[in-house]
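Everything below concerns the one structure shown next.
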Amino acid sequence: MNKTILKATLLLAVLGGLLAIPKFVDSPYALHMMILLFMSVMMGQSWNILGGYAGQHSVGHAAYFGVGAYTTMMLMHTKQIAPWYGVWAGIALVVVVALIIGSICFRLRGPYFVLASIAVAEILRLSAINLTTLTNGAEGILATELPAFKIGGTIITDFATKVPFYYIGLFLVALTIAVTYLVQHSKLGYFFQAIREDQDAAHSLGISISLYKNIALVISAVLTSLAGSFYGIYVGFVDPPTVLGLDVSVQIMLICIIGGMGTLWGPVLGSLVLVPLSEALRSNMITEALVKVGMVNAESKIGIFLKENLSHAHVLLYGILVVVVILFMPDGLMGFIKKLAKRRKQEAV
């Protein structure tokens, strides 16, 4: 009971601190980084329900991310429908898409399912490029201005700053974590984990494999769609490579692999690693740090090479990071922390 109270107190303290950040932090860049972190956690938690708990390792989650982003942006761009209404259209559409994909792809297992999930995402990406009347093709969709959010004629926010996006992102993260927690501690979650451990044994116990795989996919797809809609609203621009590219699916999956699949806080830890690393690469902060400490001369061939190429090497470094995690921390950072805590407890005894 004491542990439960301690955990609840710590969680409330963290939530209170996060709610207070915009009141004390004026830097738009700092808020931008927090919003990116929230998006990453949302995507990781969404994939975790299907890949971590149900054991279906999809590498095509960009499909659901893109459907949410494109639906919201298309309705806002062509029909002037406010995004907080378009989000629901995206959710409805992604449920239909997920059920169609699930009914086909869940006939396959293992690497065949992985390849099928990649193929589905690529089909949607190519469709977005070629259906120019709907998606504007390779040019993408640009939303120059968000309408003000009103309730009963009263303007709640006009989205002039990053603060409203920060609180929306925080709310959505809390929602995805709450959904994951409920799934994890419910009968549904136990069915998912049974399917993950041994599909044939689960089937022999009377668990409908196809039904519960599709339920896991729908929950995962809906949350991923929400993340995609939020991305489109925040960035104000979507195009096929940005929201439907294979690298989007890979990054979503890496969040859980690095943090720890099938755990509640694994995607949070994975995001805390990947988001700063991605930003450090993009802005060449790593090269600048190497130059400052004297390890690399900025005018040397190595310095020039790093400055020109390191910002585009995120996929390479992600791959190296995954190899390191698999070799030394096969259960991710969360599993490594649990093992370390268990070892220390045994040593103390």
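As shown in the structure tokens, the chain order sets the letters A, B, ...; within each chain, residues go from 1, and ligands are also counted from 1 in the order they appear.
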Compile the contact shell of Val250 of chain A as a JSON list (two decimals) with N, CA, C and O atoms, in the first residue's frame: residues with an atom at most 10 Å away, counting only C-alpha atoms, same-chain residues fewer than 5 positions apart removed.
[["chain", "number", "residue", "atom", "x", "y", "z"],
["A", 58, "SER", "N", 4.33, -4.67, -36.05],
["A", 58, "SER", "CA", 4.01, -3.92, -37.26],
["A", 58, "SER", "C", 5.12, -2.92, -37.58],
["A", 58, "SER", "O", 5.61, -2.21, -36.71],
["A", 59, "VAL", "N", 5.51, -2.87, -38.86],
["A", 59, "VAL", "CA", 6.45, -1.85, -39.33],
["A", 59, "VAL", "C", 5.72, -0.98, -40.36],
["A", 59, "VAL", "O", 6.32, -0.48, -41.31],
["A", 60, "GLY", "N", 4.43, -0.84, -40.14],
["A", 60, "GLY", "CA", 3.63, -0.04, -41.07],
["A", 60, "GLY", "C", 2.70, 0.92, -40.38],
["A", 60, "GLY", "O", 1.67, 1.32, -40.93],
["A", 61, "HIS", "N", 3.07, 1.33, -39.16],
["A", 61, "HIS", "CA", 2.19, 2.23, -38.40],
["A", 61, "HIS", "C", 2.12, 3.64, -38.99],
["A", 61, "HIS", "O", 1.27, 4.43, -38.58],
["A", 62, "ALA", "N", 3.01, 3.93, -39.92],
["A", 62, "ALA", "CA", 2.90, 5.22, -40.62],
["A", 62, "ALA", "C", 1.57, 5.31, -41.36],
["A", 62, "ALA", "O", 1.05, 6.41, -41.58],
["A", 118, "ILE", "N", 4.56, -3.41, -43.88],
["A", 118, "ILE", "CA", 5.35, -2.44, -44.66],
["A", 118, "ILE", "C", 4.67, -2.16, -45.99],
["A", 118, "ILE", "O", 4.56, -1.01, -46.43],
["A", 245, "GLY", "N", 6.04, 7.87, -44.67],
["A", 245, "GLY", "CA", 7.31, 7.25, -45.02],
["A", 245, "GLY", "C", 7.65, 6.08, -44.13],
["A", 245, "GLY", "O", 7.22, 6.00, -42.98],
["A", 255, "ILE", "N", 11.11, 3.47, -30.68],
["A", 255, "ILE", "CA", 10.79, 4.06, -29.37],
["A", 255, "ILE", "C", 10.57, 2.96, -28.34],
["A", 255, "ILE", "O", 11.07, 3.01, -27.21],
["A", 315, "VAL", "N", 19.38, 7.73, -39.30],
["A", 315, "VAL", "CA", 18.99, 6.33, -39.51],
["A", 315, "VAL", "C", 20.15, 5.41, -39.14],
["A", 315, "VAL", "O", 19.95, 4.36, -38.50],
["A", 318, "TYR", "N", 20.48, 5.38, -35.39],
["A", 318, "TYR", "CA", 19.37, 4.61, -34.83],
["A", 318, "TYR", "C", 19.69, 3.12, -34.92],
["A", 318, "TYR", "O", 19.45, 2.35, -33.98]]
I'd like the contact shell of segment 225-235 of chain A - 6 Å cut-off, only C-alpha atoms, skipping same-chain residues fewer than 2 positions apart - returned as a ChimeraX atom specification.
/A:64-65,68-69,72,221-223,237
Can you pull out the residues contacting segment 322-334 of chain A? Cut-off 7 Å, using only C-alpha atoms, and skip same-chain residues under 4 positions away; I want them as number ranges by chain.
A: 257-260, 266, 318, 338
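Proximity ranking of A:Ser271, A:Thr4, A:Thr176, A:Gln80 relative to Cys256 of chain A places A:Ser271 first, based on only C-alpha atoms.
Minimum distance to Gly270 of chain A across A:Gly206, A:Pro241, A:Gly153, A:Gly335 (counting only C-alpha atoms) occurs at A:Gly335.
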